[in-house]
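The file entry.cif contains mmCIF, N, CA and C atoms:
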```cif
data_model
#
loop_
_atom_site.group_PDB
_atom_site.id
_atom_site.type_symbol
_atom_site.label_atom_id
_atom_site.label_comp_id
_atom_site.auth_asym_id
_atom_site.auth_seq_id
_atom_site.Cartn_x
_atom_site.Cartn_y
_atom_site.Cartn_z
ATOM 1 N N MET A 10 -3.606 -6.364 -36.251
ATOM 2 C CA MET A 10 -2.177 -6.144 -36.456
ATOM 3 C C MET A 10 -1.423 -7.180 -35.643
ATOM 4 N N HIS A 11 -0.536 -7.835 -36.292
ATOM 5 C CA HIS A 11 0.340 -8.788 -35.603
ATOM 6 C C HIS A 11 1.304 -8.001 -34.715
ATOM 7 N N SER A 12 1.415 -8.410 -33.452
ATOM 8 C CA SER A 12 2.211 -7.649 -32.475
ATOM 9 C C SER A 12 3.682 -7.541 -32.870
ATOM 10 N N HIS A 13 4.229 -8.565 -33.509
ATOM 11 C CA HIS A 13 5.641 -8.509 -33.882
ATOM 12 C C HIS A 13 5.897 -7.550 -35.054
ATOM 13 N N LEU A 14 4.839 -7.108 -35.732
ATOM 14 C CA LEU A 14 5.003 -6.157 -36.838
ATOM 15 C C LEU A 14 4.759 -4.716 -36.401
ATOM 16 N N ALA A 15 4.135 -4.522 -35.260
ATOM 17 C CA ALA A 15 3.789 -3.175 -34.800
ATOM 18 C C ALA A 15 5.007 -2.281 -34.658
ATOM 19 N N LYS A 16 6.140 -2.858 -34.287
ATOM 20 C CA LYS A 16 7.348 -2.039 -34.088
ATOM 21 C C LYS A 16 7.813 -1.380 -35.390
ATOM 22 N N PHE A 17 7.421 -1.935 -36.534
ATOM 23 C CA PHE A 17 7.835 -1.355 -37.811
ATOM 24 C C PHE A 17 7.003 -0.124 -38.178
ATOM 25 N N LEU A 18 5.967 0.155 -37.408
ATOM 26 C CA LEU A 18 5.160 1.361 -37.626
ATOM 27 C C LEU A 18 5.709 2.550 -36.848
ATOM 28 N N GLU A 19 6.647 2.300 -35.981
ATOM 29 C CA GLU A 19 7.166 3.354 -35.101
ATOM 30 C C GLU A 19 8.137 4.293 -35.799
ATOM 31 N N ASN A 20 8.691 3.891 -36.935
ATOM 32 C CA ASN A 20 9.637 4.758 -37.641
ATOM 33 C C ASN A 20 9.545 4.486 -39.141
ATOM 34 N N ASN A 21 10.317 5.209 -39.900
ATOM 35 C CA ASN A 21 10.304 5.057 -41.362
ATOM 36 C C ASN A 21 11.456 4.201 -41.883
ATOM 37 N N ASP A 22 12.113 3.486 -40.991
ATOM 38 C CA ASP A 22 13.205 2.627 -41.425
ATOM 39 C C ASP A 22 12.665 1.520 -42.330
ATOM 40 N N CYS A 23 13.484 1.123 -43.275
ATOM 41 C CA CYS A 23 13.089 0.070 -44.199
ATOM 42 C C CYS A 23 13.127 -1.276 -43.457
ATOM 43 N N PRO A 24 12.009 -1.989 -43.456
ATOM 44 C CA PRO A 24 11.995 -3.286 -42.768
ATOM 45 C C PRO A 24 12.772 -4.334 -43.574
ATOM 46 N N PRO A 25 13.178 -5.386 -42.918
ATOM 47 C CA PRO A 25 13.868 -6.458 -43.644
ATOM 48 C C PRO A 25 12.957 -7.069 -44.719
ATOM 49 N N GLN A 26 13.581 -7.651 -45.730
ATOM 50 C CA GLN A 26 12.848 -8.271 -46.848
ATOM 51 C C GLN A 26 11.856 -9.315 -46.344
ATOM 52 N N SER A 27 12.222 -10.063 -45.336
ATOM 53 C CA SER A 27 11.340 -11.111 -44.801
ATOM 54 C C SER A 27 10.060 -10.505 -44.207
ATOM 55 N N VAL A 28 10.189 -9.338 -43.587
ATOM 56 C CA VAL A 28 9.021 -8.664 -43.009
ATOM 57 C C VAL A 28 8.128 -8.142 -44.130
ATOM 58 N N THR A 29 8.712 -7.564 -45.145
ATOM 59 C CA THR A 29 7.950 -7.067 -46.289
ATOM 60 C C THR A 29 7.183 -8.214 -46.950
ATOM 61 N N ALA A 30 7.854 -9.356 -47.118
ATOM 62 C CA ALA A 30 7.188 -10.522 -47.720
ATOM 63 C C ALA A 30 6.057 -11.007 -46.825
ATOM 64 N N LYS A 31 6.289 -11.009 -45.520
ATOM 65 C CA LYS A 31 5.246 -11.445 -44.575
ATOM 66 C C LYS A 31 4.029 -10.523 -44.662
ATOM 67 N N VAL A 32 4.253 -9.219 -44.725
ATOM 68 C CA VAL A 32 3.154 -8.245 -44.813
ATOM 69 C C VAL A 32 2.370 -8.447 -46.102
ATOM 70 N N LYS A 33 3.061 -8.681 -47.203
ATOM 71 C CA LYS A 33 2.371 -8.935 -48.475
ATOM 72 C C LYS A 33 1.525 -10.195 -48.377
ATOM 73 N N GLY A 34 2.044 -11.209 -47.706
ATOM 74 C CA GLY A 34 1.283 -12.441 -47.513
ATOM 75 C C GLY A 34 0.053 -12.220 -46.643
ATOM 76 N N ILE A 35 0.211 -11.435 -45.583
ATOM 77 C CA ILE A 35 -0.918 -11.132 -44.693
ATOM 78 C C ILE A 35 -1.988 -10.340 -45.429
ATOM 79 N N ASN A 36 -1.555 -9.427 -46.294
ATOM 80 C CA ASN A 36 -2.501 -8.564 -47.005
ATOM 81 C C ASN A 36 -3.161 -9.243 -48.206
ATOM 82 N N PHE A 37 -2.652 -10.376 -48.630
ATOM 83 C CA PHE A 37 -3.157 -11.003 -49.852
ATOM 84 C C PHE A 37 -4.662 -11.271 -49.780
ATOM 85 N N GLU A 38 -5.106 -11.956 -48.753
ATOM 86 C CA GLU A 38 -6.536 -12.286 -48.643
ATOM 87 C C GLU A 38 -7.421 -11.045 -48.523
ATOM 88 N N PRO A 39 -7.076 -10.070 -47.667
ATOM 89 C CA PRO A 39 -7.926 -8.864 -47.617
ATOM 90 C C PRO A 39 -7.990 -8.123 -48.949
ATOM 91 N N VAL A 40 -6.876 -8.083 -49.671
ATOM 92 C CA VAL A 40 -6.876 -7.417 -50.983
ATOM 93 C C VAL A 40 -7.796 -8.165 -51.939
ATOM 94 N N GLN A 41 -7.751 -9.492 -51.925
ATOM 95 C CA GLN A 41 -8.633 -10.280 -52.780
ATOM 96 C C GLN A 41 -10.101 -10.065 -52.407
ATOM 97 N N GLU A 42 -10.370 -9.986 -51.112
ATOM 98 C CA GLU A 42 -11.747 -9.755 -50.645
ATOM 99 C C GLU A 42 -12.240 -8.377 -51.082
ATOM 100 N N ILE A 43 -11.381 -7.384 -51.005
ATOM 101 C CA ILE A 43 -11.750 -6.031 -51.453
ATOM 102 C C ILE A 43 -12.057 -6.042 -52.951
ATOM 103 N N ARG A 44 -11.248 -6.727 -53.732
ATOM 104 C CA ARG A 44 -11.483 -6.806 -55.185
ATOM 105 C C ARG A 44 -12.817 -7.493 -55.482
ATOM 106 N N LYS A 45 -13.104 -8.567 -54.722
ATOM 107 C CA LYS A 45 -14.368 -9.283 -54.899
ATOM 108 C C LYS A 45 -15.554 -8.386 -54.556
ATOM 109 N N ILE A 46 -15.460 -7.686 -53.439
ATOM 110 C CA ILE A 46 -16.541 -6.784 -53.017
ATOM 111 C C ILE A 46 -16.697 -5.643 -54.021
ATOM 112 N N ASP A 47 -15.588 -5.121 -54.510
ATOM 113 C CA ASP A 47 -15.637 -4.044 -55.504
ATOM 114 C C ASP A 47 -16.326 -4.512 -56.785
ATOM 115 N N ALA A 48 -16.015 -5.721 -57.234
ATOM 116 C CA ALA A 48 -16.660 -6.262 -58.439
ATOM 117 C C ALA A 48 -18.156 -6.451 -58.202
ATOM 118 N N GLU A 49 -18.523 -6.955 -57.030
ATOM 119 C CA GLU A 49 -19.938 -7.136 -56.708
ATOM 120 C C GLU A 49 -20.659 -5.790 -56.650
ATOM 121 N N THR A 50 -20.011 -4.800 -56.065
ATOM 122 C CA THR A 50 -20.601 -3.458 -55.975
ATOM 123 C C THR A 50 -20.814 -2.867 -57.366
ATOM 124 N N LYS A 51 -19.843 -3.020 -58.243
ATOM 125 C CA LYS A 51 -19.987 -2.515 -59.616
ATOM 126 C C LYS A 51 -21.134 -3.220 -60.331
ATOM 127 N N PHE A 52 -21.250 -4.531 -60.138
ATOM 128 C CA PHE A 52 -22.337 -5.294 -60.754
ATOM 129 C C PHE A 52 -23.689 -4.812 -60.233
ATOM 130 N N ILE A 53 -23.782 -4.624 -58.927
ATOM 131 C CA ILE A 53 -25.034 -4.171 -58.321
ATOM 132 C C ILE A 53 -25.383 -2.765 -58.808
ATOM 133 N N ASN A 54 -24.399 -1.880 -58.882
ATOM 134 C CA ASN A 54 -24.656 -0.521 -59.365
ATOM 135 C C ASN A 54 -25.119 -0.519 -60.814
ATOM 136 N N LYS A 55 -24.510 -1.370 -61.641
ATOM 137 C CA LYS A 55 -24.917 -1.457 -63.055
ATOM 138 C C LYS A 55 -26.344 -1.990 -63.151
ATOM 139 N N THR A 56 -26.655 -3.010 -62.340
ATOM 140 C CA THR A 56 -28.005 -3.568 -62.315
ATOM 141 C C THR A 56 -29.005 -2.512 -61.867
ATOM 142 N N LEU A 57 -28.629 -1.732 -60.866
ATOM 143 C CA LEU A 57 -29.499 -0.663 -60.375
ATOM 144 C C LEU A 57 -29.756 0.377 -61.469
ATOM 145 N N GLU A 58 -28.722 0.739 -62.207
ATOM 146 C CA GLU A 58 -28.897 1.698 -63.308
ATOM 147 C C GLU A 58 -29.871 1.160 -64.354
ATOM 148 N N VAL A 59 -29.740 -0.115 -64.688
ATOM 149 C CA VAL A 59 -30.632 -0.732 -65.676
ATOM 150 C C VAL A 59 -32.069 -0.728 -65.155
ATOM 151 N N LEU A 60 -32.263 -1.099 -63.895
ATOM 152 C CA LEU A 60 -33.606 -1.129 -63.317
ATOM 153 C C LEU A 60 -34.205 0.271 -63.218
ATOM 154 N N GLU A 61 -33.399 1.265 -62.870
ATOM 155 C CA GLU A 61 -33.899 2.642 -62.812
ATOM 156 C C GLU A 61 -34.310 3.125 -64.199
ATOM 157 N N ALA A 62 -33.555 2.764 -65.215
ATOM 158 C CA ALA A 62 -33.913 3.147 -66.594
ATOM 159 C C ALA A 62 -35.216 2.472 -67.008
ATOM 160 N N GLU A 63 -35.385 1.204 -66.641
ATOM 161 C CA GLU A 63 -36.629 0.507 -66.957
ATOM 162 C C GLU A 63 -37.812 1.164 -66.255
ATOM 163 N N CYS A 64 -37.629 1.538 -64.994
ATOM 164 C CA CYS A 64 -38.702 2.219 -64.254
ATOM 165 C C CYS A 64 -39.047 3.554 -64.910
ATOM 166 N N SER A 65 -38.041 4.280 -65.326
ATOM 167 C CA SER A 65 -38.274 5.564 -65.980
ATOM 168 C C SER A 65 -39.069 5.379 -67.269
ATOM 169 N N ASP A 66 -38.698 4.381 -68.056
ATOM 170 C CA ASP A 66 -39.433 4.099 -69.293
ATOM 171 C C ASP A 66 -40.883 3.719 -68.998
ATOM 172 N N LEU A 67 -41.082 2.888 -67.980
ATOM 173 C CA LEU A 67 -42.448 2.481 -67.609
ATOM 174 C C LEU A 67 -43.265 3.667 -67.101
ATOM 175 N N GLN A 68 -42.629 4.546 -66.313
ATOM 176 C CA GLN A 68 -43.341 5.723 -65.822
ATOM 177 C C GLN A 68 -43.757 6.630 -66.970
ATOM 178 N N GLN A 69 -42.899 6.776 -67.964
ATOM 179 C CA GLN A 69 -43.229 7.592 -69.138
ATOM 180 C C GLN A 69 -44.390 6.973 -69.905
ATOM 181 N N LEU A 70 -44.373 5.652 -70.051
ATOM 182 C CA LEU A 70 -45.447 4.944 -70.741
ATOM 183 C C LEU A 70 -46.769 5.122 -69.998
ATOM 184 N N ILE A 71 -46.738 4.985 -68.687
ATOM 185 C CA ILE A 71 -47.945 5.174 -67.868
ATOM 186 C C ILE A 71 -48.469 6.593 -68.020
ATOM 187 N N LEU A 72 -47.575 7.570 -67.996
ATOM 188 C CA LEU A 72 -47.983 8.965 -68.154
ATOM 189 C C LEU A 72 -48.678 9.178 -69.492
ATOM 190 N N GLU A 73 -48.117 8.621 -70.539
ATOM 191 C CA GLU A 73 -48.727 8.778 -71.869
ATOM 192 C C GLU A 73 -50.113 8.141 -71.914
ATOM 193 N N TYR A 74 -50.262 6.957 -71.327
ATOM 194 C CA TYR A 74 -51.571 6.305 -71.308
ATOM 195 C C TYR A 74 -52.542 7.044 -70.401
ATOM 196 N N ASP A 75 -52.040 7.610 -69.307
ATOM 197 C CA ASP A 75 -52.907 8.405 -68.430
ATOM 198 C C ASP A 75 -53.459 9.622 -69.164
ATOM 199 N N ILE A 76 -52.621 10.229 -70.007
ATOM 200 C CA ILE A 76 -53.082 11.382 -70.789
ATOM 201 C C ILE A 76 -54.192 10.953 -71.741
ATOM 202 N N ILE A 77 -54.000 9.806 -72.385
ATOM 203 C CA ILE A 77 -55.013 9.304 -73.324
ATOM 204 C C ILE A 77 -56.319 9.006 -72.608
ATOM 205 N N SER A 78 -56.259 8.468 -71.403
ATOM 206 C CA SER A 78 -57.474 8.082 -70.681
ATOM 207 C C SER A 78 -57.984 9.177 -69.747
ATOM 208 N N SER A 79 -57.530 10.396 -69.947
ATOM 209 C CA SER A 79 -57.951 11.517 -69.113
ATOM 210 C C SER A 79 -59.473 11.682 -69.148
ATOM 211 N N PRO A 80 -60.098 11.918 -67.987
ATOM 212 C CA PRO A 80 -61.555 12.071 -67.942
ATOM 213 C C PRO A 80 -62.074 13.230 -68.801
ATOM 214 N N THR A 81 -61.266 14.256 -68.980
ATOM 215 C CA THR A 81 -61.734 15.396 -69.780
ATOM 216 C C THR A 81 -61.890 15.029 -71.247
ATOM 217 N N ARG A 82 -61.242 13.990 -71.688
ATOM 218 C CA ARG A 82 -61.404 13.566 -73.087
ATOM 219 C C ARG A 82 -62.793 12.996 -73.334
ATOM 220 N N GLY A 83 -63.477 12.596 -72.268
ATOM 221 C CA GLY A 83 -64.810 12.036 -72.419
ATOM 222 C C GLY A 83 -65.905 13.092 -72.459
ATOM 223 N N LEU A 84 -65.557 14.322 -72.136
ATOM 224 C CA LEU A 84 -66.568 15.383 -72.163
ATOM 225 C C LEU A 84 -66.870 15.793 -73.600
ATOM 226 N N LEU A 85 -68.105 16.085 -73.837
ATOM 227 C CA LEU A 85 -68.500 16.523 -75.178
ATOM 228 C C LEU A 85 -67.861 17.871 -75.494
ATOM 229 N N PRO A 86 -67.491 18.084 -76.741
ATOM 230 C CA PRO A 86 -66.868 19.357 -77.113
ATOM 231 C C PRO A 86 -67.746 20.569 -76.772
ATOM 232 N N ASP A 87 -69.067 20.430 -76.880
ATOM 233 C CA ASP A 87 -69.944 21.559 -76.555
ATOM 234 C C ASP A 87 -69.842 21.939 -75.085
ATOM 235 N N ILE A 88 -69.764 20.928 -74.222
ATOM 236 C CA ILE A 88 -69.648 21.203 -72.785
ATOM 237 C C ILE A 88 -68.323 21.890 -72.493
ATOM 238 N N LEU A 89 -67.260 21.399 -73.091
ATOM 239 C CA LEU A 89 -65.961 22.030 -72.894
ATOM 240 C C LEU A 89 -65.980 23.476 -73.391
ATOM 241 N N HIS A 90 -66.685 23.721 -74.474
ATOM 242 C CA HIS A 90 -66.782 25.067 -75.015
ATOM 243 C C HIS A 90 -67.544 25.981 -74.063
ATOM 244 N N ASP A 91 -68.581 25.452 -73.392
ATOM 245 C CA ASP A 91 -69.431 26.259 -72.522
ATOM 246 C C ASP A 91 -68.836 26.498 -71.135
ATOM 247 N N ILE A 92 -67.876 25.713 -70.712
ATOM 248 C CA ILE A 92 -67.335 25.847 -69.352
ATOM 249 C C ILE A 92 -66.775 27.243 -69.089
ATOM 250 N N PRO A 93 -65.932 27.805 -69.949
ATOM 251 C CA PRO A 93 -65.429 29.154 -69.653
ATOM 252 C C PRO A 93 -66.552 30.198 -69.570
ATOM 253 N N THR A 94 -67.546 30.099 -70.418
ATOM 254 C CA THR A 94 -68.660 31.045 -70.399
ATOM 255 C C THR A 94 -69.461 30.896 -69.126
ATOM 256 N N LEU A 95 -69.782 29.675 -68.759
ATOM 257 C CA LEU A 95 -70.567 29.433 -67.553
ATOM 258 C C LEU A 95 -69.809 29.849 -66.305
ATOM 259 N N SER A 96 -68.530 29.583 -66.258
ATOM 260 C CA SER A 96 -67.772 29.924 -65.052
ATOM 261 C C SER A 96 -67.572 31.429 -64.928
ATOM 262 N N SER A 97 -67.508 32.153 -66.041
ATOM 263 C CA SER A 97 -67.328 33.604 -65.941
ATOM 264 C C SER A 97 -68.624 34.295 -65.540
ATOM 265 N N ASN A 98 -69.790 33.620 -65.699
ATOM 266 C CA ASN A 98 -71.072 34.196 -65.307
ATOM 267 C C ASN A 98 -71.498 33.786 -63.907
ATOM 268 N N SER A 99 -70.716 32.958 -63.242
ATOM 269 C CA SER A 99 -71.112 32.487 -61.921
ATOM 270 C C SER A 99 -70.882 33.572 -60.889
ATOM 271 N N PRO A 100 -71.687 33.558 -59.797
ATOM 272 C CA PRO A 100 -71.523 34.569 -58.746
ATOM 273 C C PRO A 100 -70.122 34.502 -58.101
ATOM 274 N N GLN A 101 -69.515 33.349 -58.070
ATOM 275 C CA GLN A 101 -68.195 33.233 -57.440
ATOM 276 C C GLN A 101 -67.119 33.910 -58.261
ATOM 277 N N SER A 102 -67.329 34.061 -59.555
ATOM 278 C CA SER A 102 -66.273 34.631 -60.394
ATOM 279 C C SER A 102 -66.148 36.146 -60.218
ATOM 280 N N GLY A 103 -67.213 36.772 -59.761
ATOM 281 C CA GLY A 103 -67.188 38.226 -59.625
ATOM 282 C C GLY A 103 -67.365 38.950 -60.923
ATOM 283 N N HIS A 104 -67.753 38.256 -61.975
ATOM 284 C CA HIS A 104 -67.940 38.859 -63.296
ATOM 285 C C HIS A 104 -69.335 38.565 -63.798
ATOM 286 N N GLU A 105 -70.339 38.982 -63.061
ATOM 287 C CA GLU A 105 -71.706 38.713 -63.488
ATOM 288 C C GLU A 105 -72.062 39.586 -64.690
ATOM 289 N N GLN A 106 -72.788 38.979 -65.616
ATOM 290 C CA GLN A 106 -73.251 39.745 -66.774
ATOM 291 C C GLN A 106 -74.624 40.341 -66.439
ATOM 292 N N TYR A 107 -74.853 41.520 -66.897
ATOM 293 C CA TYR A 107 -76.145 42.185 -66.642
ATOM 294 C C TYR A 107 -76.905 42.333 -67.916
#
```
Output the file's structure in the form of structure tokens.
Amino acid sequence: MHSHLAKFLENNDCPPQSVTAKVKGINFEPVQEIRKIDAETKFINKTLEVLEAECSDLQQLILEYDIISSPTRGLLPDILHDIPTLSSNSPQSGHEQY
């Protein structure tokens, strides 16, 4: 804050036109910098959204391929059919057949 302008913060009186023009001149560069930073932030956020969408699509693709390459798909159908029967007859299941 410029010291000669601080006195205008002490009350609500309307400052002279020259002071108002000076304040607008002082604020010009910071306002431009804020606009530049805001534009950069919007660009970065949009880029982030695009990259997150790409990651989501890739994760879905990986999941689908993981399902296709699941180890259980390599088991013979007969073995898969026998697993419930074998597991229900095991001593750990508590359902022994007599």
**Asked** Which value, in Å to one decimal, gives the distance between CA of Arg44 (chain A) and CA of Pro24 (chain A)?
**Response**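 Separation of CA of Arg44 (chain A) and CA of Pro24 (chain A): 26.8 Å.
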**Prompt:** Among chain A, which ones does DSSP place in helix (DSSP H, G or I), written as a VMD selection string?
**Reply:** chain A and resid 12 to 18 26 to 77 80 to 83 86 to 97 100 to 102
**Request:** Would you work out the distance separating atom C of Lys16 (chain A) from CA of Phe37 (chain A), expressed in Å to one decimal?
**Result:** 20.5 Å
**Coordinates-based distance that separates CA of Leu57 (chain A) from atom C of Asp75 (chain A) (Å, one decimal)** =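 Separation of atom C of Asp75 (chain A) and CA of Leu57 (chain A): 27.5 Å.
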Return the padded bounding box of region 50-61 of chain A as AutoDock Vina command-line options: axis-aligned, built from all atoms listed in the file, 6 Å added on each side, with centre and edge lengths in Å to one decimal.
```
--center_x -27.1 --center_y -1.1 --center_z -60.8 --size_x 26.5 --size_y 20.4 --size_z 21.7
```
What would region 59-78 of chain A look like if you wrote it out as an mmCIF file, in the first residue's frame, with N, CA, C and O atoms included, from the block I just posted?
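The result, written out as out11.cif:
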```cif
data_model
loop_
_atom_site.group_PDB
_atom_site.id
_atom_site.type_symbol
_atom_site.label_atom_id
_atom_site.label_comp_id
_atom_site.auth_asym_id
_atom_site.auth_seq_id
_atom_site.Cartn_x
_atom_site.Cartn_y
_atom_site.Cartn_z
ATOM 1 N N VAL A 59 -9.208 -34.025 -18.723
ATOM 2 C CA VAL A 59 -8.973 -34.878 -19.895
ATOM 3 C C VAL A 59 -8.089 -36.063 -19.508
ATOM 4 O O VAL A 59 -8.382 -37.214 -19.864
ATOM 5 N N LEU A 60 -7.023 -35.810 -18.759
ATOM 6 C CA LEU A 60 -6.118 -36.884 -18.347
ATOM 7 C C LEU A 60 -6.809 -37.866 -17.406
ATOM 8 O O LEU A 60 -6.611 -39.084 -17.511
ATOM 9 N N GLU A 61 -7.643 -37.373 -16.500
ATOM 10 C CA GLU A 61 -8.381 -38.268 -15.604
ATOM 11 C C GLU A 61 -9.352 -39.141 -16.391
ATOM 12 O O GLU A 61 -9.523 -40.325 -16.080
ATOM 13 N N ALA A 62 -9.989 -38.582 -17.399
ATOM 14 C CA ALA A 62 -10.906 -39.371 -18.242
ATOM 15 C C ALA A 62 -10.133 -40.438 -19.007
ATOM 16 O O ALA A 62 -10.588 -41.583 -19.116
ATOM 17 N N GLU A 63 -8.953 -40.086 -19.515
ATOM 18 C CA GLU A 63 -8.132 -41.069 -20.217
ATOM 19 C C GLU A 63 -7.710 -42.192 -19.277
ATOM 20 O O GLU A 63 -7.744 -43.374 -19.655
ATOM 21 N N CYS A 64 -7.325 -41.840 -18.056
ATOM 22 C CA CYS A 64 -6.943 -42.863 -17.070
ATOM 23 C C CYS A 64 -8.125 -43.776 -16.754
ATOM 24 O O CYS A 64 -7.958 -44.996 -16.658
ATOM 25 N N SER A 65 -9.290 -43.199 -16.610
ATOM 26 C CA SER A 65 -10.480 -43.994 -16.323
ATOM 27 C C SER A 65 -10.764 -44.974 -17.458
ATOM 28 O O SER A 65 -11.067 -46.152 -17.216
ATOM 29 N N ASP A 66 -10.662 -44.499 -18.689
ATOM 30 C CA ASP A 66 -10.871 -45.378 -19.844
ATOM 31 C C ASP A 66 -9.839 -46.504 -19.873
ATOM 32 O O ASP A 66 -10.181 -47.663 -20.143
ATOM 33 N N LEU A 67 -8.584 -46.164 -19.600
ATOM 34 C CA LEU A 67 -7.523 -47.185 -19.586
ATOM 35 C C LEU A 67 -7.736 -48.197 -18.461
ATOM 36 O O LEU A 67 -7.528 -49.400 -18.648
ATOM 37 N N GLN A 68 -8.167 -47.713 -17.287
ATOM 38 C CA GLN A 68 -8.427 -48.630 -16.181
ATOM 39 C C GLN A 68 -9.559 -49.588 -16.518
ATOM 40 O O GLN A 68 -9.508 -50.771 -16.185
ATOM 41 N N GLN A 69 -10.586 -49.096 -17.189
ATOM 42 C CA GLN A 69 -11.703 -49.953 -17.602
ATOM 43 C C GLN A 69 -11.230 -50.996 -18.605
ATOM 44 O O GLN A 69 -11.594 -52.164 -18.520
ATOM 45 N N LEU A 70 -10.385 -50.582 -19.544
ATOM 46 C CA LEU A 70 -9.840 -51.497 -20.542
ATOM 47 C C LEU A 70 -8.998 -52.580 -19.872
ATOM 48 O O LEU A 70 -9.136 -53.773 -20.181
ATOM 49 N N ILE A 71 -8.160 -52.186 -18.933
ATOM 50 C CA ILE A 71 -7.329 -53.149 -18.194
ATOM 51 C C ILE A 71 -8.207 -54.131 -17.436
ATOM 52 O O ILE A 71 -7.956 -55.342 -17.446
ATOM 53 N N LEU A 72 -9.252 -53.631 -16.792
ATOM 54 C CA LEU A 72 -10.163 -54.500 -16.052
ATOM 55 C C LEU A 72 -10.799 -55.532 -16.974
ATOM 56 O O LEU A 72 -10.872 -56.715 -16.635
ATOM 57 N N GLU A 73 -11.236 -55.093 -18.131
ATOM 58 C CA GLU A 73 -11.861 -56.025 -19.082
ATOM 59 C C GLU A 73 -10.869 -57.091 -19.537
ATOM 60 O O GLU A 73 -11.209 -58.267 -19.618
ATOM 61 N N TYR A 74 -9.632 -56.694 -19.819
ATOM 62 C CA TYR A 74 -8.622 -57.669 -20.232
ATOM 63 C C TYR A 74 -8.227 -58.576 -19.078
ATOM 64 O O TYR A 74 -7.952 -59.757 -19.288
ATOM 65 N N ASP A 75 -8.205 -58.037 -17.862
ATOM 66 C CA ASP A 75 -7.909 -58.875 -16.695
ATOM 67 C C ASP A 75 -8.968 -59.959 -16.517
ATOM 68 O O ASP A 75 -8.659 -61.091 -16.156
ATOM 69 N N ILE A 76 -10.225 -59.599 -16.783
ATOM 70 C CA ILE A 76 -11.303 -60.590 -16.682
ATOM 71 C C ILE A 76 -11.091 -61.695 -17.711
ATOM 72 O O ILE A 76 -11.235 -62.881 -17.410
ATOM 73 N N ILE A 77 -10.728 -61.300 -18.926
ATOM 74 C CA ILE A 77 -10.496 -62.288 -19.990
ATOM 75 C C ILE A 77 -9.339 -63.206 -19.636
ATOM 76 O O ILE A 77 -9.383 -64.409 -19.891
ATOM 77 N N SER A 78 -8.289 -62.680 -19.031
ATOM 78 C CA SER A 78 -7.103 -63.485 -18.727
ATOM 79 C C SER A 78 -7.134 -64.082 -17.321
ATOM 80 O O SER A 78 -6.114 -64.542 -16.819
#
```
